[in-house]
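Student: The structure follows.
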Amino acid sequence: NPMFLERRVYQGSSGKVYPYPVIEKITDHKVLKEYTAVFLENEYIKVMVLPELGGRIQRALDKTNGYDFVYYNEVIKPALVGLTGPWISGGIEFNWPQHHRPTTFAPLDYRIIDELDRKSVECSEVDQIHGTKGKMRISIYPDRAFIEISAQLYNRTSLPQTFLWWANPAVAVNDHTQSVFPPDVHAVYDHGKRDVSKFPIATGTYYKHNYGAGVDISRYKNIPVPTSYMCAHSDYDFVGGYDYGADAGILHVCDHHVSPGKKQWTWGCGDFGRAWDRNLTDHNGPYIELMTGVYTDNQPDFSWLKPFEEKTFTQYFLPYRGVGYVKNANKNIVLNLQTSGEKAEIAVYATTEYKEAKVVLTQNEKKIYENVCTLSPTQVLKDTVKFTGDSLGLKLSVYNQGGKKLLSWQPQKANMEKIPDANKAPGAPEEIQTTEELYLIGRHLEQYRHATWSPDAYYLEGLKRDDKDSRLNTAYGFLLLGRGCFAECVPYFKKALTRLQAYNPNPYNSEAFYGLGLALFYQERYDEAFDAFYKATWSAGQQETGYYYLAVIAAARREFLQALEFIEKSLVRNIHNLKARALKGMLLVRLGREKEAVKWLTENMQVDAFDYNSALLLEKLQHNSQERTLALMQDRVSTFLECALDLGEAGFFQEAISLLRSCKKKSPLLKYYEAYYTE
């Protein structure tokens, strides 16, 4: 049953899971079970995706050499590691909006996409804890040796939410494996940046283990205890691992401005680690995790998703071989340049075929080596070049047949930057000197979903010193609003507005008007809420949300033309606001503009094929069966409730009732909402 867990710490943040159920016991008895798998394959790689287990990539095989570039666990052998219980090792796990996400061992909605230039499987889900939506498309191309993951994160709620995204590839390890971090990584952090170590040579004590004068912790065989480390900073776009015994490895590539997170985790190569190997697999041995964080560089490290905000990004996972410890990489080229004495060893791998590629080595801008050759996943260039003088003057560059530079790398001077300090916990509220810092600490505790520290104490201490502080009142008002304390939060928004409007009626920031509008809206004080939302739209930052709720109120009043005008203004601020797009389709139908509605709803399907309200309405307008969309929804009760809530919010009660009745599964909540909308 769903559990009301309070102050449960999980991965450094809150372990609350309601309304998800928790699995608290796993049998020791092994049975055969059939799973639905989606396979993506070309001449270079073969990928297996399991939509029933969180959409994870269970296997990724480099067909050119038979190397599993992610750890292939041949059994599904869960342990109670996940947020809601079961978790399995191996493959690539996609963690969002929290680490080892609540549905990591649960099915999600999926569809197969067959396009001319690529084949894909697209997975989608809405997190039931916070209401945020995550969608990812896993694709391969006919002539490319990489996996492309395009993600879309969307906050479909009225309140700011927080999230993190860590893709978690596991890599098989042995005495010959090494984690490959970029050449500018000289320091790594523990979880929460509580501890810091030099990298790759750790000295002294890290993770309660003494490495003495120095040990290379990039090598699995040198880490005897469970250990995490995340790079403190890097200006490179890659991270990976290499098996020198197999002469093959894996890389993750993503713009470091979007994806700063580069992490290794291991159970350790000691007795403890070997015990966990037995817990999680039968015969496939040890592994490490080479996690990749997007909009995050540590765990926990949450970012904000404002109401209706969308964030998109693309990641690449690729096999490579013959290159060793990579110095630079993108999705097309992987290269290495290392020197010993007066010899420079170069290696270049390509994820697709480049005929007549040109590989050039220069020293102080003077060419000392050039090779015109074919590069491909099966044709790796390896060569040795003699040089004299300082190796810092060397530069390795790769060009395509047309002369366009594909990638280059030049050694840099050793980074003598001071190792960064570990984080310190904030002091008690009464010890904090300024109200600004009290506000920022409270915000931090909210943002990181802290399990044992409450933001309330910091907000209230600040308000004790200045009861009209607009930042503290607005923040505390939203905190109460998120807890459903609708009447209690109103005075805080009004106090914030008293300060904000002390000298002018039109403040720089209108967030307090929006919060007040929501508090009144949820109390069904619609006329007052309408006024507050309208005032919120005077500031650009609140126009998308303010106009959306003005449209919702107008639609519930059956003023559909006015509602359409409002929703158009909301969409000007964010054309990908999925809730606004679906509402516009409903309004066009109610206004009798069905041809326009069909065109708009068809466009909605291009933005998100899992926009079920738009899909069902489009099928109805085209007189098609709705079975296809209902099958995609898989009779998942939460999905039907989410769609019904969107319809009911704007007063489309009969449509909400009809949708709830179309779910074949039985649930008290389906009947509860049906009764509510009927009344």
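Ordering of the structure tokens sets the chain letters (A, B, ...); residue numbers start at 1 within each chain; ligands are numbered from 1 in the order shown.
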Would you please give, as a PyMOL selection string, all residues of range 276-308 of chain A that DSSP assigns to helix (DSSP H, G or I) based on the backbone?

Tutor: chain A and resi 276-280

Student: Just to be explicit: take each residue in the selection above, keep all heavy atoms, and write the result as a tab-separated table (two decimals), in the first residue's frame.

Tutor:
chain	number	residue	atom	x	y	z
A	276	TRP	N	27.75	-7.99	-3.08
A	276	TRP	CA	26.71	-7.32	-3.86
A	276	TRP	C	26.67	-7.86	-5.29
A	276	TRP	O	25.60	-7.89	-5.91
A	276	TRP	CB	26.91	-5.81	-3.84
A	276	TRP	CG	26.18	-5.22	-2.67
A	276	TRP	CD1	26.70	-4.84	-1.47
A	276	TRP	CD2	24.77	-4.99	-2.60
A	276	TRP	NE1	25.69	-4.38	-0.65
A	276	TRP	CE2	24.50	-4.46	-1.32
A	276	TRP	CE3	23.71	-5.17	-3.47
A	276	TRP	CZ2	23.23	-4.11	-0.90
A	276	TRP	CZ3	22.42	-4.82	-3.06
A	276	TRP	CH2	22.20	-4.31	-1.80
A	277	ASP	N	27.80	-8.27	-5.82
A	277	ASP	CA	27.77	-8.93	-7.13
A	277	ASP	C	26.86	-10.15	-7.08
A	277	ASP	O	26.05	-10.38	-7.99
A	277	ASP	CB	29.19	-9.37	-7.55
A	277	ASP	CG	30.11	-8.19	-7.78
A	277	ASP	OD1	29.61	-7.07	-8.01
A	277	ASP	OD2	31.34	-8.39	-7.74
A	278	ARG	N	26.98	-10.93	-6.02
A	278	ARG	CA	26.14	-12.13	-5.88
A	278	ARG	C	24.67	-11.75	-5.68
A	278	ARG	O	23.77	-12.47	-6.13
A	278	ARG	CB	26.64	-12.99	-4.71
A	278	ARG	CG	28.03	-13.60	-4.94
A	278	ARG	CD	28.36	-14.62	-3.87
A	278	ARG	NE	28.49	-14.03	-2.55
A	278	ARG	CZ	29.63	-13.52	-2.05
A	278	ARG	NH1	30.73	-13.54	-2.78
A	278	ARG	NH2	29.67	-13.02	-0.84
A	279	ASN	N	24.43	-10.63	-5.00
A	279	ASN	CA	23.05	-10.19	-4.77
A	279	ASN	C	22.34	-9.81	-6.07
A	279	ASN	O	21.13	-9.96	-6.19
A	279	ASN	CB	23.03	-8.97	-3.85
A	279	ASN	CG	23.22	-9.33	-2.40
A	279	ASN	OD1	23.12	-10.49	-2.02
A	279	ASN	ND2	23.52	-8.33	-1.58
A	280	LEU	N	23.10	-9.28	-7.04
A	280	LEU	CA	22.49	-8.62	-8.20
A	280	LEU	C	22.62	-9.40	-9.51
A	280	LEU	O	21.98	-9.03	-10.50
A	280	LEU	CB	23.10	-7.23	-8.37
A	280	LEU	CG	22.77	-6.23	-7.25
A	280	LEU	CD1	23.68	-5.02	-7.31
A	280	LEU	CD2	21.30	-5.81	-7.33

Student: Check which residues of range 219-241 of chain A sit at most 10 Å from range 164-182 of chain A using only C-alpha atoms, and return one row each with the closest pair of atoms and their distance in Å to one decimal, ordered by chain and rising number, as a tab-separated table.

Tutor:
residue	atom	partner	partner_atom	distance
A:Arg219	CA	A:Gln178	CA	4.6
A:Tyr220	CA	A:Gln178	CA	6.3
A:Lys221	CA	A:Asp175	CA	5.3
A:Asn222	CA	A:Asp175	CA	8.8
A:Met230	CA	A:Phe181	CA	9.9
A:Cys231	CA	A:Phe181	CA	8.1
A:His233	CA	A:Pro182	CA	9.7
A:Ser234	CA	A:Pro182	CA	7.0
A:Asp235	CA	A:Pro182	CA	8.3
A:Tyr236	CA	A:Pro182	CA	6.2
A:Asp237	CA	A:Pro182	CA	8.2
A:Phe238	CA	A:Pro182	CA	6.8
A:Val239	CA	A:Phe181	CA	5.2
A:Gly240	CA	A:Val180	CA	4.8
A:Gly241	CA	A:Ser179	CA	4.3

Student: Output N, CA and C atoms of each residue in that selection to a file, as a PDB file, in the first residue's frame.

Tutor:
ATOM      1  N   ARG A 219      41.138   3.401 -11.515  1.00  0.00           N
ATOM      2  CA  ARG A 219      41.238   1.954 -11.746  1.00  0.00           C
ATOM      3  C   ARG A 219      40.358   1.210 -10.753  1.00  0.00           C
ATOM      4  N   TYR A 220      39.443   0.390 -11.283  1.00  0.00           N
ATOM      5  CA  TYR A 220      38.526  -0.368 -10.433  1.00  0.00           C
ATOM      6  C   TYR A 220      39.271  -1.203  -9.400  1.00  0.00           C
ATOM      7  N   LYS A 221      40.382  -1.833  -9.795  1.00  0.00           N
ATOM      8  CA  LYS A 221      41.093  -2.760  -8.916  1.00  0.00           C
ATOM      9  C   LYS A 221      41.694  -2.060  -7.692  1.00  0.00           C
ATOM     10  N   ASN A 222      41.783  -0.714  -7.735  1.00  0.00           N
ATOM     11  CA  ASN A 222      42.402   0.033  -6.637  1.00  0.00           C
ATOM     12  C   ASN A 222      41.404   0.563  -5.616  1.00  0.00           C
ATOM     13  N   MET A 230      32.325  12.384  -8.170  1.00  0.00           N
ATOM     14  CA  MET A 230      31.780  13.192  -9.265  1.00  0.00           C
ATOM     15  C   MET A 230      32.750  14.315  -9.572  1.00  0.00           C
ATOM     16  N   CYS A 231      33.036  14.545 -10.853  1.00  0.00           N
ATOM     17  CA  CYS A 231      34.050  15.531 -11.213  1.00  0.00           C
ATOM     18  C   CYS A 231      33.624  16.911 -10.723  1.00  0.00           C
ATOM     19  N   HIS A 233      34.746  19.786 -11.926  1.00  0.00           N
ATOM     20  CA  HIS A 233      34.524  20.683 -13.062  1.00  0.00           C
ATOM     21  C   HIS A 233      35.198  20.099 -14.284  1.00  0.00           C
ATOM     22  N   SER A 234      34.588  20.312 -15.463  1.00  0.00           N
ATOM     23  CA  SER A 234      35.226  19.951 -16.723  1.00  0.00           C
ATOM     24  C   SER A 234      34.634  20.781 -17.846  1.00  0.00           C
ATOM     25  N   ASP A 235      35.489  21.165 -18.779  1.00  0.00           N
ATOM     26  CA  ASP A 235      35.044  21.884 -19.971  1.00  0.00           C
ATOM     27  C   ASP A 235      34.915  20.956 -21.175  1.00  0.00           C
ATOM     28  N   TYR A 236      34.979  19.639 -20.937  1.00  0.00           N
ATOM     29  CA  TYR A 236      34.843  18.656 -22.012  1.00  0.00           C
ATOM     30  C   TYR A 236      33.435  18.058 -22.005  1.00  0.00           C
ATOM     31  N   ASP A 237      33.077  17.449 -23.139  1.00  0.00           N
ATOM     32  CA  ASP A 237      31.718  16.943 -23.332  1.00  0.00           C
ATOM     33  C   ASP A 237      31.603  15.428 -23.186  1.00  0.00           C
ATOM     34  N   PHE A 238      32.597  14.757 -22.600  1.00  0.00           N
ATOM     35  CA  PHE A 238      32.561  13.297 -22.579  1.00  0.00           C
ATOM     36  C   PHE A 238      32.988  12.745 -21.222  1.00  0.00           C
ATOM     37  N   VAL A 239      32.597  11.494 -20.984  1.00  0.00           N
ATOM     38  CA  VAL A 239      33.085  10.685 -19.877  1.00  0.00           C
ATOM     39  C   VAL A 239      32.884   9.238 -20.294  1.00  0.00           C
ATOM     40  N   GLY A 240      33.706   8.326 -19.774  1.00  0.00           N
ATOM     41  CA  GLY A 240      33.548   6.940 -20.203  1.00  0.00           C
ATOM     42  C   GLY A 240      34.391   5.973 -19.418  1.00  0.00           C
ATOM     43  N   GLY A 241      34.589   4.810 -20.001  1.00  0.00           N
ATOM     44  CA  GLY A 241      35.391   3.771 -19.381  1.00  0.00           C
ATOM     45  C   GLY A 241      36.027   2.904 -20.438  1.00  0.00           C
TER      46      GLY A 241
END

Student: Taking only C-alpha atoms into account, name the residue in A:Gly192, A:Phe105, A:Gly55, A:Asp282 that is nearest to Lys30 in chain A.

Tutor: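 Residue with the minimum atom-to-atom distance to Lys30 in chain A: A:Asp282.
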
Student: A:Asp466, A:Arg274, A:Asp608, A:Glu461: which is nearest His576 in chain A, counting only C-alpha atoms?

Tutor: A:Asp608

Student: Can you list, as an MDAnalysis selection string, every protein, DNA or RNA residue that comes within 12 Å of Asp301 in chain A when you count only C-alpha atoms, leaving out same-chain residues fewer than 3 positions away?

Tutor: chainID A and resid 11:13 96:99 162:166 191:193 230 260:261 293:298 304 444:450

Student: With C-alpha atoms kept, could you save the residues just selected as a PDB file, in the first residue's frame?

Tutor:
ATOM      1  CA  GLN A  11      20.202   9.325  -1.771  1.00  0.00           C
ATOM      2  CA  GLY A  12      20.730  12.478   0.285  1.00  0.00           C
ATOM      3  CA  SER A  13      17.213  13.813  -0.246  1.00  0.00           C
ATOM      4  CA  TRP A  96      14.527  11.259 -12.943  1.00  0.00           C
ATOM      5  CA  PRO A  97      13.077  13.265 -11.204  1.00  0.00           C
ATOM      6  CA  GLN A  98      14.991  11.634  -8.352  1.00  0.00           C
ATOM      7  CA  HIS A  99      17.826   9.128  -8.218  1.00  0.00           C
ATOM      8  CA  THR A 162      12.512  20.308  -8.748  1.00  0.00           C
ATOM      9  CA  PHE A 163      14.224  17.489 -10.622  1.00  0.00           C
ATOM     10  CA  LEU A 164      17.493  15.834 -11.416  1.00  0.00           C
ATOM     11  CA  TRP A 165      18.411  13.647 -14.411  1.00  0.00           C
ATOM     12  CA  TRP A 166      21.180  11.078 -14.215  1.00  0.00           C
ATOM     13  CA  HIS A 191      27.652  12.996  -2.594  1.00  0.00           C
ATOM     14  CA  GLY A 192      26.470  16.438  -1.564  1.00  0.00           C
ATOM     15  CA  LYS A 193      30.063  17.654  -1.961  1.00  0.00           C
ATOM     16  CA  MET A 230      31.780  13.192  -9.265  1.00  0.00           C
ATOM     17  CA  PRO A 260      28.170  18.797 -16.310  1.00  0.00           C
ATOM     18  CA  GLY A 261      27.583  15.611 -14.293  1.00  0.00           C
ATOM     19  CA  GLY A 293      24.060  14.195 -15.027  1.00  0.00           C
ATOM     20  CA  VAL A 294      22.070  16.718 -17.067  1.00  0.00           C
ATOM     21  CA  TYR A 295      21.350  20.086 -15.386  1.00  0.00           C
ATOM     22  CA  THR A 296      23.188  18.629 -12.385  1.00  0.00           C
ATOM     23  CA  ASP A 297      26.780  17.944 -11.354  1.00  0.00           C
ATOM     24  CA  ASN A 298      26.258  16.168  -8.030  1.00  0.00           C
ATOM     25  CA  TRP A 304      13.985  23.994 -10.857  1.00  0.00           C
ATOM     26  CA  HIS A 444      17.969  25.472  -0.976  1.00  0.00           C
ATOM     27  CA  LEU A 445      16.251  23.052   1.406  1.00  0.00           C
ATOM     28  CA  GLU A 446      13.159  23.084  -0.800  1.00  0.00           C
ATOM     29  CA  GLN A 447      15.143  22.696  -3.999  1.00  0.00           C
ATOM     30  CA  TYR A 448      17.149  19.733  -2.712  1.00  0.00           C
ATOM     31  CA  ARG A 449      14.097  18.061  -1.132  1.00  0.00           C
ATOM     32  CA  HIS A 450      15.927  17.837   2.159  1.00  0.00           C
TER      33      HIS A 450
END

Student: Quick one, how far is CA of Lys119 in chain A from CA of Met633 in chain A?

Tutor: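 Distance reported for this atom pair: 21.9 Å.
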
Student: When distances are computed from only C-alpha atoms, which of A:Leu337, A:Leu116, A:Leu463, A:Ile250 shows the smallest separation from Glu430 in chain A?

Tutor: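 Nearest candidate to Glu430 in chain A out of A:Leu337, A:Leu116, A:Leu463, A:Ile250: A:Leu463.
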
Student: For Leu438 in chain A, find every residue with an atom within 8 Å (counting only C-alpha atoms), except residues of its own chain fewer than 2 positions away, and show them as a ChimeraX atom specification.

Tutor: /A:429,432,434-436,440-442,458-459,461-462

Student: May I have the selected residues written with N, CA, C and O atoms, as a CSV table (one decimal), in the first residue's frame?

Tutor:
chain,number,residue,atom,x,y,z
A,429,PRO,N,18.9,28.7,12.2
A,429,PRO,CA,18.2,29.9,11.7
A,429,PRO,C,18.6,31.1,12.5
A,429,PRO,O,18.9,32.2,11.9
A,432,ILE,N,22.0,32.8,11.6
A,432,ILE,CA,22.2,33.4,10.2
A,432,ILE,C,22.0,34.9,10.3
A,432,ILE,O,21.1,35.5,11.0
A,434,THR,N,21.6,37.5,7.9
A,434,THR,CA,20.8,38.4,7.1
A,434,THR,C,19.5,37.6,6.7
A,434,THR,O,19.5,36.4,6.6
A,435,THR,N,18.5,38.4,6.4
A,435,THR,CA,17.2,37.8,5.9
A,435,THR,C,17.4,37.2,4.5
A,435,THR,O,16.7,36.2,4.2
A,436,GLU,N,18.3,37.8,3.7
A,436,GLU,CA,18.5,37.3,2.4
A,436,GLU,C,19.1,35.9,2.5
A,436,GLU,O,18.6,34.9,1.8
A,440,LEU,N,17.6,32.3,1.2
A,440,LEU,CA,18.3,31.4,0.2
A,440,LEU,C,18.5,30.0,0.8
A,440,LEU,O,18.4,29.0,0.1
A,441,ILE,N,18.7,29.9,2.1
A,441,ILE,CA,18.8,28.6,2.8
A,441,ILE,C,17.5,27.9,2.7
A,441,ILE,O,17.4,26.7,2.4
A,442,GLY,N,16.4,28.6,3.0
A,442,GLY,CA,15.1,27.9,2.9
A,442,GLY,C,14.8,27.4,1.4
A,442,GLY,O,14.3,26.3,1.2
A,458,TYR,N,13.7,28.6,8.7
A,458,TYR,CA,14.5,29.7,8.1
A,458,TYR,C,13.6,30.8,7.6
A,458,TYR,O,13.8,32.0,7.8
A,459,TYR,N,12.5,30.5,6.9
A,459,TYR,CA,11.5,31.5,6.5
A,459,TYR,C,10.9,32.2,7.6
A,459,TYR,O,10.8,33.5,7.6
A,461,GLU,N,12.0,32.5,10.7
A,461,GLU,CA,13.0,33.4,11.4
A,461,GLU,C,13.2,34.7,10.7
A,461,GLU,O,13.2,35.8,11.3
A,462,GLY,N,13.2,34.6,9.4
A,462,GLY,CA,13.3,35.9,8.6
A,462,GLY,C,12.1,36.8,8.8
A,462,GLY,O,12.2,38.0,8.9

Student: Between A:Cys254, A:Val47, A:Glu603, A:Val334, which has the minimum distance to Ser408 in chain A (counting only C-alpha atoms)?

Tutor: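 Counting only C-alpha atoms, the residue closest to Ser408 in chain A is A:Val334.
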
Student: Find the residues near Phe199 in chain A: any atom within 7 Å, counting only C-alpha atoms, skip ones fewer than 2 places away on the same chain, and give them as an MDAnalysis selection string.

Tutor: chainID A and resid 185:188 197 201:202

Student: Give me the residues near Glu34 in chain A as a list in words, where near means some atom within 12 Å (using only C-alpha atoms) and where sequence neighbours in that chain fewer than 6 positions away do not count.

Tutor: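 Surrounding residues, per the criterion: Leu50, Glu52, Val75 and Ile76 of chain A.
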
Student: Could you go through range 177-311 of chain A and tell me which residues DSSP, when run on the backbone, assigns to strand (DSSP E), listing them as a VMD selection string?

Tutor: chain A and resid 177 to 180 187 to 189 196 to 198 201 to 202 205 to 206 209 to 210 215 to 216 227 to 231 238 to 243 248 to 253 261 to 266 287 to 294 303 to 305 310 to 311

Student: For range 15-22 of chain A, please output as a PyMOL selection string all residues within 7 Å (counting only C-alpha atoms; exclusion window: fewer than 4 positions along the same chain).

Tutor: chain A and resi 1-6+8-10+83-85+128-129

Student: Output C-alpha atoms of each residue in that selection to a file, as a tab-separated table (two decimals), in the first residue's frame.

Tutor:
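So the final result, stored in out.tsv, reads:
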chain	number	residue	atom	x	y	z
A	1	ASN	CA	0.00	0.00	0.00
A	2	PRO	CA	1.11	3.62	-0.44
A	3	MET	CA	3.16	4.66	2.57
A	4	PHE	CA	3.26	8.04	4.30
A	5	LEU	CA	7.00	8.11	4.88
A	6	GLU	CA	8.22	11.28	6.64
A	8	ARG	CA	13.05	9.18	5.30
A	9	VAL	CA	16.46	9.97	3.78
A	10	TYR	CA	17.13	8.52	0.34
A	83	LEU	CA	13.16	4.51	-4.04
A	84	THR	CA	10.09	2.24	-3.94
A	85	GLY	CA	11.99	-1.02	-3.50
A	128	GLN	CA	2.90	10.69	-9.44
A	129	ILE	CA	4.74	12.26	-6.49
